[in-house]
Every structure is written in C-alpha cells, then in structure tokens.
Amino acid sequence: MFGLHYRLERKTLGFVLAVIGVASIGGLVEIAPLFTINQTVEDAPDMRVYTPLEVAGRNIYIREGCYACHSQMIRTLRDEVERYGPYSLAVESKYDHPMLWGSKRTGPDLARNGGKYSDAWHVAHLNNPRDVVPVSIMPAYSWFLRTPLRTDDLGKHLRSLRAVGVPYTDEMIANASADAYGQAAPDSPFAEGVSKRYGEATSVRAFDGKPNELTEMDAVVAYLQILGRLTDAAHKPAVATETAPAGTKSAEAKPAETKPAEATPSGGKP
Ligand code: HEC
C-alpha cells in the first residue's frame with residue numbers, strides 16, 4: 001500500500017491522474033443528486049405568488065435586516081418540528097428571491113408564523129416588543145406605523161421577480177401599486193382586484209388597524225401573516241398516502257382498523 005504510493009509519487013502523470021480521480025469522487029457526490037431534482041423537489045399546484053403588498057413587506061424585512069436575528073427554515077429535527085410545525089419544503093421557497101432561510105436565531109424561526117398571532121399583536125410588537133413580551137430584546141420599529149408605504153416602484157419589483165421565474169402576469173404588474181393599496185383598504189374600489197388576481201383566499205384588510213392609511217406597517221404585517229401559508233403542501237400527509245398502497249400483505253390488512261383517522265391531520269393550517 002505505502003510502496004504503491006511511494007512509486008506513484010515519482011510518476012508525475014500517474015500522480016496527477018490519481019489526484020483527479022480521487023478529487024472527482026467528492027464532486028460526484030455533490031453533483032449526482034442534482035440529476036434527480038425533479039423527483040426530490042415536491043410540487044405545489046396550490047401555491048400562489050406574493051401580492052405586491054407582501055413583496056413590499058418582504059423588501060422592508062430585508063432592508064431592516066430582520067433575517068440577521070430570524071431564520072425562515074424549519075429543519076427536520078424533532079425539537080424544531082414540535083416547536084414550529086411541519087419542516088420547511090424546498091417548494092415553499094420557490095418564489096423567494098433572494099431566499100431568507102438565514103442561519104442565526106436570536107429570535108424564533110418565522111417560517112410558519114403566518115396566522116399565529118393577530119394583526120394587532122404584530123402591530124403592538126413591532127411598535128415596541130416590550131409592550132407584549134416584557135423580556136424581549138428585539139429592537140422597536142416604531143416608524144413603520146408613521147411611514148407611508150412607497151408603492152410607485154412595486155410594478156418594477158414584480159417585473160424583476162418575473163425575470164427570475166416568478167409567474168407574475170402583465171395584469172399583476174400593471175396593477176401593482178393599486179393592488180398594494182387595495183389589499184390594506186377593504187372598503188376601497190381597489191380591494192376587489194386583489195382577490196381577482198391573487199385568489200379569494202387572499203387576506204384583504206387594514207393590517208395596521210388604519211383603513212385609510214397605507215403604511216410600512218401594513219406591508220410588514222401582511223408579509224408576516226402569509227409566512228408558511230402560500231401553499232398547504234407541508235401539511236399534507238404525503239408519506240402516509242404514498243406508502244399505503246405499496247405495502248405488503250400484512251400491512252394491507254391493517255389500515256382498515258386504525259390508520260385513516262391519523263392519515264389526515266385536522267385542519268392542516270396552523
Ligand atoms: C436583535 C435581534 C432581532 C431583530 C433585528 C429582529 N427581531 Fe424579531 N424577535 C427577536 C427576539 C429575541 C424575539 C423573541 C421575543 C419577542 O417575541 O419579542 C423576536 C420575536 C419576533 C416575532 C414573534 C415570533 C413568535 O413566533 O413569537 C416576530 C413576528 C418578529 N420577531 C418579527 C421581526 C421582524 C419583522 C423584524 C424586522 C423588522 C425583527 N423581528 C427583527 C429578535 C430580533
């Protein structure tokens with residue numbers, strides 16, 4: 001063994017080829033799984049794109065560096081799943097450019113924060129975290145409530161997102177500013193277009209509690225409330241339904257007694 005190495009080292013070409021051969025094993029281990037990416041990354045036909053208001057909120061989240069303290073990716077570890085909910089799927093980040101998975105958790109993971117608290121809680125918390133969580137070390141973002149949201153450039157934001165693969169239509173891009181306003185003003189004539197373009201399930205309400213004003217608070221709260229709710233894919237019992245039919249005889253006999261009730265977790269949404 002060592003004799004072979006000794007002789008190989010003295011043959012330049014042989015040694016170079018051996019180095020290339022050994023190094024390429026590492027490369028193959030990294031590259032080969034990518035050939036099966038179509039099978040491994042799940043599909044989510046029910047997934048919708050972010051509305052212009054949510055995009056604006058996301059941009060503020062990036063501007064303020066919230067990702068420096070909050071991650072948006074629940075790992076498959078048991079303690080994380082028990083604390084935050086179903087682990088994050090790749091498809092859930094499909095429209096995130098740039099992704100905000102993060103690697104630092106000074107605060108909790110936010111991947112499934114949507115629907116966990118009321119809008120009023122978020123407004124109070126962002127305005128001054130100590131008002132609702134006395135021991136909180138999160139900074140206050142009190143200017144969100146008094147800063148009008150800039151909407152004139154949202155069409156351009158949607159267009160750039162489309163350039164990297166998010167399926168925004170020309171209509172969505174043309175109406176971006178009006179839709180941002182309409183989503184936070186349910187009684188305005190612009191509200192209807194939001195449900196028409198982004199689906200009936202889209203929340204249209206005064207997120208900051210002030211129906212006549214469009215503030216940065218509206219955008220950030222709208223964004224926080226959609227986290228983890230663009231698709232239901234992570235809540236579907238994919239594994240349970242897929243493995244059942246492929247079971248052996250002894251496994252086939254069982255499902256009738258116990259399984260069905262467990263296979264569909266109640267509700268699905270957080
Ligand atoms: C210096 C670190 C830090 C920064 C920056 C920060 N946070 Fe936090 N955040 C925390 C900590 C710590 C908590 C837990 C205590 C609390 O609830 O206030 C928290 C809690 C939260 C929660 C409640 C999570 C839950 O499930 O209870 C939300 C929502 C949140 N932050 C949003 C934001 C947003 C939006 C921004 C940016 C505008 C931001 N945070 C910036 C540290 C931070």
# chains A, B, ... in the order shown; residues from 1 in each chain; ligands from 1
$ residues_near_ligand --ligand "ligand 1" --cutoff "9 Å" --atoms "only C-alpha atoms and all ligand atoms" --output "ChimeraX atom specification"
/A:57-58,60-70,84,105-110,112-114,116-117,122,125-126,128-130,132-141,144,220-221,223-225
$ residues_around --residues "Ile173 in chain A" --least-positions-apart "6" --cutoff "9 Å" --atoms "only C-alpha atoms" --output "ChimeraX atom specification"
/A:52,154-159
$ write_last_selection --atoms "N, CA and C atoms" --output "CSV table (one decimal), in the first residue's frame"
chain,number,residue,atom,x,y,z
A,52,PRO,N,-48.3,42.3,-4.2
A,52,PRO,CA,-47.4,43.5,-4.2
A,52,PRO,C,-47.2,44.0,-2.8
A,154,LEU,N,-43.5,49.3,-7.2
A,154,LEU,CA,-43.8,47.9,-7.0
A,154,LEU,C,-43.9,47.1,-8.3
A,155,GLY,N,-44.5,47.8,-9.3
A,155,GLY,CA,-44.6,47.2,-10.7
A,155,GLY,C,-43.2,46.7,-11.1
A,156,LYS,N,-42.2,47.6,-10.9
A,156,LYS,CA,-40.8,47.2,-11.3
A,156,LYS,C,-40.3,46.0,-10.5
A,157,HIS,N,-40.7,46.0,-9.2
A,157,HIS,CA,-40.2,44.9,-8.4
A,157,HIS,C,-40.8,43.6,-8.9
A,158,LEU,N,-42.1,43.6,-9.2
A,158,LEU,CA,-42.8,42.4,-9.7
A,158,LEU,C,-42.1,42.0,-11.1
A,159,ARG,N,-41.8,43.0,-11.9
A,159,ARG,CA,-41.2,42.6,-13.2
A,159,ARG,C,-39.8,42.0,-13.0
$ residues_around --residues "Ala184 in chain A" --least-positions-apart "2" --cutoff "7 Å" --atoms "only C-alpha atoms" --output "PyMOL selection string"
chain A and resi 181-182+186+204-207+211+214+218
$ closest_residue --among "A:Pro148, A:Val91, A:Asp96, A:Pro189" --to "Thr40 in chain A" --atoms "only C-alpha atoms"
A:Val91
$ residues_around --residues "Val164 in chain A" --least-positions-apart "3" --cutoff "9 Å" --atoms "only C-alpha atoms" --output "count of residues only"
3
$ closest_residue --among "A:Pro86, A:Arg10, A:Tyr198, A:Ala23" --to "Tyr168 in chain A" --atoms "only C-alpha atoms"
A:Tyr198
$ atom_distance --atom1 "CA of Lys11 in chain A" --atom2 "CA of Val29 in chain A"
27.8 Å
$ closest_residue --among "A:Ala178, A:Leu13, A:Val166, A:Leu230" --to "Phe190 in chain A" --atoms "only C-alpha atoms"
A:Ala178
$ closest_residue --among "A:Ala111, A:Gly102, A:Ser177, A:Tyr95" --to "Val81 in chain A" --atoms "only C-alpha atoms"
A:Ala111
$ atom_distance --atom1 "CA of Glu54 in chain A" --atom2 "CA of Ala219 in chain A"
5.8 Å
$ atom_distance --atom1 "CA of Trp143 in chain A" --atom2 "CA of Ala124 in chain A"
12.2 Å
